[in-house]
$ cat my_file.pdb   # PDB, C-alpha atoms
ATOM      1  CA  MET A 164     -28.248  -5.684   7.800
ATOM      2  CA  SER A 165     -26.266  -2.975   9.536
ATOM      3  CA  THR A 166     -26.138   0.719   8.837
ATOM      4  CA  ASP A 167     -23.190   2.882   7.820
ATOM      5  CA  VAL A 168     -23.053   4.341  11.326
ATOM      6  CA  GLU A 169     -22.969   0.880  12.896
ATOM      7  CA  PHE A 170     -20.101  -0.227  10.649
ATOM      8  CA  MET A 171     -18.121   2.904  11.485
ATOM      9  CA  ARG A 172     -18.794   2.397  15.196
ATOM     10  CA  ARG A 173     -17.315  -1.089  14.854
ATOM     11  CA  ALA A 174     -14.247   0.283  13.034
ATOM     12  CA  ILE A 175     -13.738   2.797  15.845
ATOM     13  CA  GLU A 176     -14.185   0.062  18.462
ATOM     14  CA  LEU A 177     -11.488  -1.978  16.668
ATOM     15  CA  ALA A 178      -9.135   1.014  16.665
ATOM     16  CA  ARG A 179      -9.648   1.492  20.409
ATOM     17  CA  GLN A 180      -9.087  -2.216  21.111
ATOM     18  CA  GLY A 181      -5.914  -2.106  19.006
ATOM     19  CA  VAL A 182      -4.510   0.733  21.087
ATOM     20  CA  GLU A 183      -5.471  -0.912  24.376
ATOM     21  CA  GLY A 184      -4.066  -4.280  23.313
ATOM     22  CA  ASN A 185      -0.794  -2.858  21.932
ATOM     23  CA  VAL A 186      -1.538  -4.210  18.484
ATOM     24  CA  GLY A 187      -0.459  -1.012  16.753
ATOM     25  CA  GLY A 188      -1.540   2.514  15.906
ATOM     26  CA  PRO A 189      -5.052   3.903  16.548
ATOM     27  CA  PHE A 190      -6.697   2.813  13.312
ATOM     28  CA  GLY A 191      -9.466   0.365  12.476
ATOM     29  CA  CYS A 192     -11.264  -0.661   9.314
ATOM     30  CA  VAL A 193     -14.391  -2.596   8.416
ATOM     31  CA  ILE A 194     -15.452  -3.790   4.953
ATOM     32  CA  ALA A 195     -19.105  -4.517   4.216
ATOM     33  CA  LYS A 196     -21.111  -5.742   1.265
ATOM     34  CA  ASP A 197     -24.894  -5.835   0.897
ATOM     35  CA  GLY A 198     -25.304  -4.657   4.482
ATOM     36  CA  ARG A 199     -23.167  -7.428   5.919
ATOM     37  CA  LEU A 200     -19.719  -7.250   7.484
ATOM     38  CA  ILE A 201     -17.143  -9.038   5.293
ATOM     39  CA  ALA A 202     -13.833  -8.318   7.030
ATOM     40  CA  GLU A 203     -12.212  -6.299   9.789
ATOM     41  CA  GLY A 204      -8.716  -4.953  10.246
ATOM     42  CA  VAL A 205      -6.715  -3.122  12.830
ATOM     43  CA  ASN A 206      -3.311  -1.476  12.534
ATOM     44  CA  ALA A 207      -0.724  -4.092  13.480
ATOM     45  CA  VAL A 208       2.531  -2.467  12.322
ATOM     46  CA  SER A 209       4.393  -2.628  15.625
ATOM     47  CA  SER A 210       3.114  -6.002  16.852
ATOM     48  CA  THR A 211       3.799  -7.822  13.568
ATOM     49  CA  ASN A 212       6.851  -5.853  12.363
ATOM     50  CA  ASP A 213       5.050  -5.181   9.113
ATOM     51  CA  PRO A 214       4.972  -1.554   7.940
ATOM     52  CA  THR A 215       2.225  -2.461   5.456
ATOM     53  CA  ALA A 216      -0.091  -3.800   8.189
ATOM     54  CA  HIS A 217      -2.304  -0.729   8.270
ATOM     55  CA  ALA A 218      -5.947  -1.401   9.184
ATOM     56  CA  GLU A 219      -7.188  -0.916   5.613
ATOM     57  CA  ILE A 220      -4.572  -3.223   4.058
ATOM     58  CA  VAL A 221      -5.292  -5.908   6.653
ATOM     59  CA  ALA A 222      -9.049  -5.633   6.050
ATOM     60  CA  ILE A 223      -8.707  -5.609   2.237
ATOM     61  CA  ARG A 224      -6.535  -8.731   2.277
ATOM     62  CA  ARG A 225      -9.036 -10.522   4.517
ATOM     63  CA  ALA A 226     -12.047  -9.409   2.471
ATOM     64  CA  CYS A 227     -10.421 -10.622  -0.753
ATOM     65  CA  GLU A 228      -9.573 -13.927   0.857
ATOM     66  CA  LYS A 229     -13.178 -14.290   2.018
ATOM     67  CA  LEU A 230     -14.646 -13.334  -1.363
ATOM     68  CA  ASP A 231     -11.986 -15.346  -3.225
ATOM     69  CA  SER A 232     -11.349 -12.401  -5.539
ATOM     70  CA  PHE A 233      -8.779  -9.645  -6.000
ATOM     71  CA  ARG A 234     -11.628  -7.202  -6.530
ATOM     72  CA  LEU A 235     -14.003  -5.810  -3.941
ATOM     73  CA  GLU A 236     -16.664  -4.550  -6.294
ATOM     74  CA  GLY A 237     -19.811  -3.531  -4.436
ATOM     75  CA  CYS A 238     -17.930  -3.316  -1.143
ATOM     76  CA  LEU A 239     -18.008  -0.347   1.224
ATOM     77  CA  ILE A 240     -14.943   0.488   3.309
ATOM     78  CA  TYR A 241     -15.232   2.130   6.731
ATOM     79  CA  ALA A 242     -11.879   3.487   7.937
ATOM     80  CA  THR A 243     -11.450   5.440  11.152
ATOM     81  CA  CYS A 244      -9.145   7.889   9.391
ATOM     82  CA  GLU A 245      -8.525   9.153   5.862
ATOM     83  CA  PRO A 246      -6.228   6.504   4.377
ATOM     84  CA  CYS A 247      -2.554   7.207   3.801
ATOM     85  CA  PRO A 248      -1.380   7.006   0.168
ATOM     86  CA  MET A 249      -0.472   3.323   0.602
ATOM     87  CA  CYS A 250      -3.949   2.403   1.809
ATOM     88  CA  LEU A 251      -5.772   4.674  -0.606
ATOM     89  CA  GLY A 252      -3.789   3.088  -3.425
ATOM     90  CA  ALA A 253      -4.842  -0.339  -2.178
ATOM     91  CA  ILE A 254      -8.488   0.795  -2.059
ATOM     92  CA  TYR A 255      -8.276   1.880  -5.710
ATOM     93  CA  TRP A 256      -6.659  -1.396  -6.744
ATOM     94  CA  SER A 257      -9.436  -3.261  -4.891
ATOM     95  CA  ARG A 258     -12.146  -1.431  -6.882
ATOM     96  CA  ALA A 259     -14.221  -0.900  -3.732
ATOM     97  CA  GLU A 260     -17.362   1.130  -4.281
ATOM     98  CA  ARG A 261     -17.232   3.755  -1.592
ATOM     99  CA  LEU A 262     -15.143   4.899   1.371
ATOM    100  CA  TYR A 263     -16.346   6.245   4.703
ATOM    101  CA  ILE A 264     -13.883   7.934   7.080
ATOM    102  CA  ALA A 265     -14.231   9.396  10.572
ATOM    103  CA  CYS A 266     -11.139  11.606  10.807
ATOM    104  CA  ASP A 267      -9.041  13.162   8.054
ATOM    105  CA  ARG A 268      -5.325  13.472   7.327
ATOM    106  CA  ASN A 269      -5.065  16.684   9.369
ATOM    107  CA  ASP A 270      -6.467  14.945  12.431
ATOM    108  CA  ALA A 271      -3.923  12.147  11.875
ATOM    109  CA  ALA A 272      -1.075  14.646  11.596
ATOM    110  CA  ALA A 273      -2.173  16.279  14.855
ATOM    111  CA  ALA A 274      -1.913  12.848  16.513
ATOM    112  CA  GLY A 275       1.632  12.362  15.173
ATOM    113  CA  PHE A 276       0.938  10.401  11.978
ATOM    114  CA  ASP A 277       2.539  12.398   9.253
ATOM    115  CA  ASP A 278       0.915  11.026   6.145
ATOM    116  CA  ALA A 279       1.043  14.577   4.790
ATOM    117  CA  HIS A 280       4.760  14.362   3.994
ATOM    118  CA  ILE A 281       4.149  11.175   2.004
ATOM    119  CA  TYR A 282       1.355  12.867   0.054
ATOM    120  CA  GLU A 283       3.730  15.763  -0.633
ATOM    121  CA  GLU A 284       6.546  13.511  -1.817
ATOM    122  CA  LEU A 285       4.227  11.508  -4.097
ATOM    123  CA  CYS A 286       2.302  14.410  -5.487
ATOM    124  CA  SER A 287       4.648  17.378  -5.601
ATOM    125  CA  THR A 288       8.253  16.222  -5.638
ATOM    126  CA  GLU A 289      10.169  15.131  -8.740
ATOM    127  CA  LEU A 290      11.699  11.649  -8.558
ATOM    128  CA  GLY A 291      15.244  12.987  -8.263
ATOM    129  CA  ASN A 292      14.483  15.396  -5.411
ATOM    130  CA  ARG A 293      12.715  13.087  -3.002
ATOM    131  CA  LYS A 294      13.748  12.251   0.551
ATOM    132  CA  ILE A 295      13.985   8.649  -0.634
ATOM    133  CA  PRO A 296      15.882   9.383  -3.874
ATOM    134  CA  VAL A 297      14.954   7.538  -7.054
ATOM    135  CA  SER A 298      17.435   6.506  -9.764
ATOM    136  CA  ILE A 299      16.806   4.742 -13.071
ATOM    137  CA  LEU A 300      18.709   1.567 -13.998
ATOM    138  CA  LEU A 301      18.407  -0.865 -16.963
ATOM    139  CA  ARG A 302      15.272   0.700 -18.461
ATOM    140  CA  ALA A 303      15.557  -1.229 -21.760
ATOM    141  CA  ASP A 304      15.679  -4.557 -19.902
ATOM    142  CA  GLY A 305      12.707  -3.522 -17.812
ATOM    143  CA  LEU A 306      10.716  -2.572 -20.899
ATOM    144  CA  ALA A 307      11.394  -5.996 -22.409
ATOM    145  CA  VAL A 308       9.349  -7.589 -19.597
ATOM    146  CA  PHE A 309       6.405  -5.340 -20.433
ATOM    147  CA  ASP A 310       6.738  -6.583 -24.020
ATOM    148  CA  ASP A 311       6.584 -10.178 -22.745
ATOM    149  CA  TRP A 312       3.431  -9.284 -20.830
ATOM    150  CA  GLU A 313       1.762  -7.605 -23.774
ATOM    151  CA  ARG A 314       2.446 -10.620 -26.005
ATOM    152  CA  LYS A 315       1.247 -13.128 -23.391
ATOM    153  CA  PRO A 316      -2.002 -14.659 -24.671
ATOM    154  CA  ASP A 317      -3.326 -16.009 -21.336
ATOM    155  CA  LYS A 318      -2.554 -13.063 -19.049
ATOM    156  CA  ILE A 319      -4.956 -12.241 -16.211
ATOM    157  CA  GLU A 320      -5.445  -8.486 -16.017
ATOM    158  CA  TYR A 321      -6.235  -6.909 -12.669
TER
ATOM    159  CA  MET B  19      28.637  -8.092  -2.408
ATOM    160  CA  SER B  20      26.559  -7.390  -5.487
ATOM    161  CA  THR B  21      26.227  -4.210  -7.470
ATOM    162  CA  ASP B  22      23.160  -2.084  -8.131
ATOM    163  CA  VAL B  23      23.020  -3.391 -11.694
ATOM    164  CA  GLU B  24      23.125  -6.995 -10.503
ATOM    165  CA  PHE B  25      20.281  -6.413  -8.043
ATOM    166  CA  MET B  26      18.186  -4.786 -10.748
ATOM    167  CA  ARG B  27      18.937  -7.636 -13.140
ATOM    168  CA  ARG B  28      17.635 -10.033 -10.504
ATOM    169  CA  ALA B  29      14.457  -7.940 -10.038
ATOM    170  CA  ILE B  30      13.891  -8.021 -13.809
ATOM    171  CA  GLU B  31      14.505 -11.774 -13.870
ATOM    172  CA  LEU B  32      11.876 -12.198 -11.121
ATOM    173  CA  ALA B  33       9.388 -10.107 -13.101
ATOM    174  CA  ARG B  34       9.940 -12.260 -16.184
ATOM    175  CA  GLN B  35       9.571 -15.483 -14.192
ATOM    176  CA  GLY B  36       6.365 -14.143 -12.652
ATOM    177  CA  VAL B  37       4.859 -13.529 -16.073
ATOM    178  CA  GLU B  38       5.960 -16.920 -17.389
ATOM    179  CA  GLY B  39       4.692 -18.744 -14.296
ATOM    180  CA  ASN B  40       1.329 -16.921 -14.201
ATOM    181  CA  VAL B  41       2.080 -15.536 -10.757
ATOM    182  CA  GLY B  42       0.814 -12.053 -11.622
ATOM    183  CA  GLY B  43       1.712  -8.845 -13.413
ATOM    184  CA  PRO B  44       5.174  -8.096 -14.896
ATOM    185  CA  PHE B  45       6.803  -6.633 -11.804
ATOM    186  CA  GLY B  46       9.682  -7.738  -9.595
ATOM    187  CA  CYS B  47      11.457  -6.254  -6.603
ATOM    188  CA  VAL B  48      14.662  -6.920  -4.692
ATOM    189  CA  ILE B  49      15.707  -5.413  -1.359
ATOM    190  CA  ALA B  50      19.370  -5.258  -0.393
ATOM    191  CA  LYS B  51      21.379  -4.073   2.580
ATOM    192  CA  ASP B  52      25.144  -3.707   2.837
ATOM    193  CA  GLY B  53      25.573  -5.246  -0.615
ATOM    194  CA  ARG B  54      23.591  -8.364   0.240
ATOM    195  CA  LEU B  55      20.175  -9.460  -0.961
ATOM    196  CA  ILE B  56      17.647  -9.411   1.916
ATOM    197  CA  ALA B  57      14.344 -10.219   0.204
ATOM    198  CA  GLU B  58      12.684 -10.674  -3.156
ATOM    199  CA  GLY B  59       9.128 -10.170  -4.338
ATOM    200  CA  VAL B  60       7.096 -10.663  -7.435
ATOM    201  CA  ASN B  61       3.613  -9.419  -8.264
ATOM    202  CA  ALA B  62       1.166 -12.102  -7.134
ATOM    203  CA  VAL B  63      -2.189 -10.279  -7.337
ATOM    204  CA  SER B  64      -3.979 -12.721  -9.617
ATOM    205  CA  SER B  65      -2.513 -15.966  -8.253
ATOM    206  CA  THR B  66      -3.178 -15.111  -4.599
ATOM    207  CA  ASN B  67      -6.344 -12.994  -4.992
ATOM    208  CA  ASP B  68      -4.632 -10.210  -3.086
ATOM    209  CA  PRO B  69      -4.748  -6.746  -4.688
ATOM    210  CA  THR B  70      -2.004  -5.600  -2.300
ATOM    211  CA  ALA B  71       0.427  -8.326  -3.446
ATOM    212  CA  HIS B  72       2.499  -6.025  -5.629
ATOM    213  CA  ALA B  73       6.172  -6.967  -5.915
ATOM    214  CA  GLU B  74       7.323  -4.129  -3.637
ATOM    215  CA  ILE B  75       4.782  -4.895  -0.883
ATOM    216  CA  VAL B  76       5.680  -8.592  -0.986
ATOM    217  CA  ALA B  77       9.411  -7.803  -0.790
ATOM    218  CA  ILE B  78       8.998  -5.215   2.000
ATOM    219  CA  ARG B  79       6.974  -7.645   4.129
ATOM    220  CA  ARG B  80       9.604 -10.346   3.651
ATOM    221  CA  ALA B  81      12.514  -8.006   4.341
ATOM    222  CA  CYS B  82      10.895  -6.789   7.564
ATOM    223  CA  GLU B  83      10.240 -10.356   8.637
ATOM    224  CA  LYS B  84      13.879 -11.223   7.963
ATOM    225  CA  LEU B  85      15.236  -8.166   9.769
ATOM    226  CA  ASP B  86      12.648  -8.504  12.562
ATOM    227  CA  SER B  87      11.815  -4.819  12.279
ATOM    228  CA  PHE B  88       9.113  -2.598  10.795
ATOM    229  CA  ARG B  89      11.828  -0.315   9.467
ATOM    230  CA  LEU B  90      14.181  -0.933   6.567
ATOM    231  CA  GLU B  91      16.730   1.709   7.396
ATOM    232  CA  GLY B  92      19.867   1.363   5.283
ATOM    233  CA  CYS B  93      18.047  -0.806   2.748
ATOM    234  CA  LEU B  94      18.021  -0.226  -0.993
ATOM    235  CA  ILE B  95      14.960  -1.174  -3.037
ATOM    236  CA  TYR B  96      15.239  -2.271  -6.667
ATOM    237  CA  ALA B  97      11.853  -2.248  -8.418
ATOM    238  CA  THR B  98      11.384  -3.019 -12.090
ATOM    239  CA  CYS B  99       8.931  -0.131 -12.409
ATOM    240  CA  GLU B 100       8.190   3.148 -10.674
ATOM    241  CA  PRO B 101       6.000   2.107  -7.742
ATOM    242  CA  CYS B 102       2.277   2.843  -7.727
ATOM    243  CA  PRO B 103       1.040   5.095  -4.891
ATOM    244  CA  MET B 104       0.318   2.050  -2.702
ATOM    245  CA  CYS B 105       3.864   0.732  -3.036
ATOM    246  CA  LEU B 106       5.527   4.124  -2.827
ATOM    247  CA  GLY B 107       3.571   4.768   0.354
ATOM    248  CA  ALA B 108       4.817   1.463   1.751
ATOM    249  CA  ILE B 109       8.393   2.386   0.818
ATOM    250  CA  TYR B 110       8.060   5.641   2.776
ATOM    251  CA  TRP B 111       6.585   3.864   5.799
ATOM    252  CA  SER B 112       9.482   1.373   5.629
ATOM    253  CA  ARG B 113      12.067   4.180   5.815
ATOM    254  CA  ALA B 114      14.173   2.547   3.094
ATOM    255  CA  GLU B 115      17.204   4.561   2.060
ATOM    256  CA  ARG B 116      16.996   4.658  -1.693
ATOM    257  CA  LEU B 117      14.924   3.393  -4.605
ATOM    258  CA  TYR B 118      16.106   2.175  -8.003
ATOM    259  CA  ILE B 119      13.625   1.685 -10.838
ATOM    260  CA  ALA B 120      13.963   0.408 -14.393
ATOM    261  CA  CYS B 121      10.767   1.734 -16.020
ATOM    262  CA  ASP B 122       8.556   4.627 -15.021
ATOM    263  CA  ARG B 123       4.828   5.177 -14.626
ATOM    264  CA  ASN B 124       4.441   6.129 -18.295
ATOM    265  CA  ASP B 125       5.987   2.847 -19.388
ATOM    266  CA  ALA B 126       3.571   1.061 -17.029
ATOM    267  CA  ALA B 127       0.596   2.946 -18.462
ATOM    268  CA  ALA B 128       1.686   1.984 -21.995
ATOM    269  CA  ALA B 129       1.609  -1.666 -20.870
ATOM    270  CA  GLY B 130      -1.932  -1.280 -19.507
ATOM    271  CA  PHE B 131      -1.208  -0.526 -15.843
ATOM    272  CA  ASP B 132      -2.954   2.700 -15.154
ATOM    273  CA  ASP B 133      -1.311   3.894 -11.979
ATOM    274  CA  ALA B 134      -1.647   7.404 -13.390
ATOM    275  CA  HIS B 135      -5.357   7.613 -12.592
ATOM    276  CA  ILE B 136      -4.635   6.643  -8.973
ATOM    277  CA  TYR B 137      -1.960   9.347  -8.735
ATOM    278  CA  GLU B 138      -4.479  11.815 -10.156
ATOM    279  CA  GLU B 139      -7.207  10.837  -7.708
ATOM    280  CA  LEU B 140      -4.844  11.024  -4.711
ATOM    281  CA  CYS B 141      -3.086  14.195  -5.701
ATOM    282  CA  SER B 142      -5.566  16.340  -7.577
ATOM    283  CA  THR B 143      -9.119  15.353  -6.698
ATOM    284  CA  GLU B 144     -11.051  16.557  -3.659
ATOM    285  CA  LEU B 145     -12.399  13.805  -1.386
ATOM    286  CA  GLY B 146     -15.994  14.406  -2.446
ATOM    287  CA  ASN B 147     -15.296  14.290  -6.195
ATOM    288  CA  ARG B 148     -13.386  11.046  -6.430
ATOM    289  CA  LYS B 149     -14.310   7.980  -8.459
ATOM    290  CA  ILE B 150     -14.401   6.126  -5.137
ATOM    291  CA  PRO B 151     -16.378   8.757  -3.221
ATOM    292  CA  VAL B 152     -15.423   9.599   0.356
ATOM    293  CA  SER B 153     -17.920  10.564   3.083
ATOM    294  CA  ILE B 154     -17.261  11.529   6.705
ATOM    295  CA  LEU B 155     -19.027   9.755   9.572
ATOM    296  CA  LEU B 156     -18.664   9.986  13.398
ATOM    297  CA  ARG B 157     -15.645  12.292  13.385
ATOM    298  CA  ALA B 158     -15.888  13.093  17.121
ATOM    299  CA  ASP B 159     -15.812   9.392  18.012
ATOM    300  CA  GLY B 160     -12.856   8.878  15.713
ATOM    301  CA  LEU B 161     -10.968  11.762  17.312
ATOM    302  CA  ALA B 162     -11.505  10.239  20.756
ATOM    303  CA  VAL B 163      -9.341   7.258  19.732
ATOM    304  CA  PHE B 164      -6.510   9.615  18.760
ATOM    305  CA  ASP B 165      -6.849  11.116  22.262
ATOM    306  CA  ASP B 166      -6.502   7.624  23.754
ATOM    307  CA  TRP B 167      -3.353   7.141  21.667
ATOM    308  CA  GLU B 168      -1.826  10.442  22.668
ATOM    309  CA  ARG B 169      -2.400   9.707  26.340
ATOM    310  CA  LYS B 170      -1.033   6.151  26.107
ATOM    311  CA  PRO B 171       2.255   6.051  28.025
ATOM    312  CA  ASP B 172       3.693   2.859  26.467
ATOM    313  CA  LYS B 173       2.830   3.430  22.812
ATOM    314  CA  ILE B 174       5.225   2.225  20.121
ATOM    315  CA  GLU B 175       5.542   4.880  17.423
ATOM    316  CA  TYR B 176       6.301   3.822  13.883
TER
END

$ encode --input "my_file.pdb" --output "structure tokens"
Amino acid sequence: MSTDVEFMRRAIELARQGVEGNVGGPFGCVIAKDGRLIAEGVNAVSSTNDPTAHAEIVAIRRACEKLDSFRLEGCLIYATCEPCPMCLGAIYWSRAERLYIACDRNDAAAAGFDDAHIYEELCSTELGNRKIPVSILLRADGLAVFDDWERKPDKIEY
Amino acid sequence: MSTDVEFMRRAIELARQGVEGNVGGPFGCVIAKDGRLIAEGVNAVSSTNDPTAHAEIVAIRRACEKLDSFRLEGCLIYATCEPCPMCLGAIYWSRAERLYIACDRNDAAAAGFDDAHIYEELCSTELGNRKIPVSILLRADGLAVFDDWERKPDKIEY
């Protein structure tokens, strides 16, 4: 059994090792359940050429693999920084129970990680006015696939 | 060279195949550059036990692998539905040029995919009041890793 502070210390240690080892940005993440460490992750964007390889995404994927489930119910997530919208979205999809952070999005921005502009685009900017513009194509055909899904008797909801 | 409509038709075809083949939810994604298809993705959450395996994340990871880069500059993304916050965040981190969607978040909600509550949590709810509560731990230790990063002479920014 480890404590919340011990898990966060480990996440911070991972972040530091990631920086020193040129794995990626200064972010680490630990996922625990019932007082035991389930999975660890470190930002590996630049070393793996994967823009989704943030510490939280890496740790969530590993935890799900370990638990053989796409849900992390009862799991606690320790992230060294407030998650960006991508990672926070992943945390919601995972159904984790609670999130601990060391730094927040303002601290990240001060270190050059501008999650804030992504939050602004997602939360405050209409689809048509975004920096990555959004256009709608073939909506009726897209809706037909939702109809297929709704009629599917053996679908697995997540 | 294919057209925008052709790429979206392919994304919709992938979504339909994913539903029929029990790969996951009814979502597909295609990424193109210079009129050529670079990567495809289909939602695989339930078949791979990976809550991050949304069509867009799968396609972005494959496109980056193919282009050997963590940036998708000049790439166009065709998603069968307005991306959830996780996927939209990933699209911003990828630096893609433009996004095409067939359906929007309201269509998704009508089909049982409640991205809207994640948008609400991210955009309108204070950290302490969220359904997945957020607590701060060891902020000073976390900040020290950002200092390490800022002082690192050979860091790769992303």

$ closest_residue --input "my_file.pdb" --among "A:Ile223, A:Pro316, A:Ser165, A:Leu251" --to "B:Glu139" --atoms "only C-alpha atoms"
A:Leu251

$ atom_distance --input "my_file.pdb" --atom1 "atom CA of A:Ala273" --atom2 "atom CA of A:Val168"
24.3 Å

$ resolve_selection --input "my_file.pdb" --expression "the PyMOL selection byres ((chain A and resi 176) around 10)" --output "PDB file with C-alpha atoms, keeping the file's coordinate frame"
ATOM      1  CA  PHE A 170     -20.101  -0.227  10.649  1.00  0.00           C
ATOM      2  CA  MET A 171     -18.121   2.904  11.485  1.00  0.00           C
ATOM      3  CA  ARG A 172     -18.794   2.397  15.196  1.00  0.00           C
ATOM      4  CA  ARG A 173     -17.315  -1.089  14.854  1.00  0.00           C
ATOM      5  CA  ALA A 174     -14.247   0.283  13.034  1.00  0.00           C
ATOM      6  CA  ILE A 175     -13.738   2.797  15.845  1.00  0.00           C
ATOM      7  CA  LEU A 177     -11.488  -1.978  16.668  1.00  0.00           C
ATOM      8  CA  ALA A 178      -9.135   1.014  16.665  1.00  0.00           C
ATOM      9  CA  ARG A 179      -9.648   1.492  20.409  1.00  0.00           C
ATOM     10  CA  GLN A 180      -9.087  -2.216  21.111  1.00  0.00           C
ATOM     11  CA  GLY A 181      -5.914  -2.106  19.006  1.00  0.00           C
ATOM     12  CA  PHE A 190      -6.697   2.813  13.312  1.00  0.00           C
ATOM     13  CA  GLY A 191      -9.466   0.365  12.476  1.00  0.00           C
ATOM     14  CA  CYS A 192     -11.264  -0.661   9.314  1.00  0.00           C
ATOM     15  CA  VAL A 205      -6.715  -3.122  12.830  1.00  0.00           C
ATOM     16  CA  THR A 243     -11.450   5.440  11.152  1.00  0.00           C
TER      17      THR A 243
ATOM     18  CA  ASP B 159     -15.812   9.392  18.012  1.00  0.00           C
ATOM     19  CA  GLY B 160     -12.856   8.878  15.713  1.00  0.00           C
ATOM     20  CA  VAL B 163      -9.341   7.258  19.732  1.00  0.00           C
TER      21      VAL B 163
END

$ interface_residues --input "my_file.pdb" --of "chain A" --to "chain B" --cutoff "7 Å" --atoms "only C-alpha atoms" --output "ChimeraX atom specification"
/A:168,175,178-179,182,189,208-209,212-215,224,227-228,231-233,243,248-253,255-257,260-266,274,281,286,295-302,305-306,308-309,312-313,319,321

$ write_last_selection --input "my_file.pdb" --atoms "C-alpha atoms" --output "short mmCIF file (atom, residue, chain, number, x, y, z; two decimals), in the coordinates of the input"
data_model
loop_
_atom_site.label_atom_id
_atom_site.label_comp_id
_atom_site.auth_asym_id
_atom_site.auth_seq_id
_atom_site.Cartn_x
_atom_site.Cartn_y
_atom_site.Cartn_z
CA VAL A 168 -23.05 4.34 11.33
CA ILE A 175 -13.74 2.80 15.84
CA ALA A 178 -9.14 1.01 16.66
CA ARG A 179 -9.65 1.49 20.41
CA VAL A 182 -4.51 0.73 21.09
CA PRO A 189 -5.05 3.90 16.55
CA VAL A 208 2.53 -2.47 12.32
CA SER A 209 4.39 -2.63 15.62
CA ASN A 212 6.85 -5.85 12.36
CA ASP A 213 5.05 -5.18 9.11
CA PRO A 214 4.97 -1.55 7.94
CA THR A 215 2.22 -2.46 5.46
CA ARG A 224 -6.54 -8.73 2.28
CA CYS A 227 -10.42 -10.62 -0.75
CA GLU A 228 -9.57 -13.93 0.86
CA ASP A 231 -11.99 -15.35 -3.22
CA SER A 232 -11.35 -12.40 -5.54
CA PHE A 233 -8.78 -9.64 -6.00
CA THR A 243 -11.45 5.44 11.15
CA PRO A 248 -1.38 7.01 0.17
CA MET A 249 -0.47 3.32 0.60
CA CYS A 250 -3.95 2.40 1.81
CA LEU A 251 -5.77 4.67 -0.61
CA GLY A 252 -3.79 3.09 -3.42
CA ALA A 253 -4.84 -0.34 -2.18
CA TYR A 255 -8.28 1.88 -5.71
CA TRP A 256 -6.66 -1.40 -6.74
CA SER A 257 -9.44 -3.26 -4.89
CA GLU A 260 -17.36 1.13 -4.28
CA ARG A 261 -17.23 3.76 -1.59
CA LEU A 262 -15.14 4.90 1.37
CA TYR A 263 -16.35 6.24 4.70
CA ILE A 264 -13.88 7.93 7.08
CA ALA A 265 -14.23 9.40 10.57
CA CYS A 266 -11.14 11.61 10.81
CA ALA A 274 -1.91 12.85 16.51
CA ILE A 281 4.15 11.18 2.00
CA CYS A 286 2.30 14.41 -5.49
CA ILE A 295 13.98 8.65 -0.63
CA PRO A 296 15.88 9.38 -3.87
CA VAL A 297 14.95 7.54 -7.05
CA SER A 298 17.43 6.51 -9.76
CA ILE A 299 16.81 4.74 -13.07
CA LEU A 300 18.71 1.57 -14.00
CA LEU A 301 18.41 -0.86 -16.96
CA ARG A 302 15.27 0.70 -18.46
CA GLY A 305 12.71 -3.52 -17.81
CA LEU A 306 10.72 -2.57 -20.90
CA VAL A 308 9.35 -7.59 -19.60
CA PHE A 309 6.40 -5.34 -20.43
CA TRP A 312 3.43 -9.28 -20.83
CA GLU A 313 1.76 -7.60 -23.77
CA ILE A 319 -4.96 -12.24 -16.21
CA TYR A 321 -6.24 -6.91 -12.67
#

$ residues_near_point --input "my_file.pdb" --point "(-15.0, -10.2, 7.2)" --cutoff "8 Å" --atoms "only C-alpha atoms" --output "list in words"
Val193, Ile194, Ala195, Leu200, Ile201, Ala202, Glu203, Ala222, Arg225, Ala226 and Lys229 of chain A

$ atom_distance --input "my_file.pdb" --atom1 "atom CA of A:Thr166" --atom2 "atom CA of A:Gly237"
15.3 Å

$ atom_distance --input "my_file.pdb" --atom1 "atom CA of B:Glu91" --atom2 "atom CA of B:Lys51"
8.8 Å

$ closest_residue --input "my_file.pdb" --among "B:Asn147, B:Asn61, B:Pro101, B:Gly39" --to "B:Ala134" --atoms "all atoms listed in the file"
B:Pro101
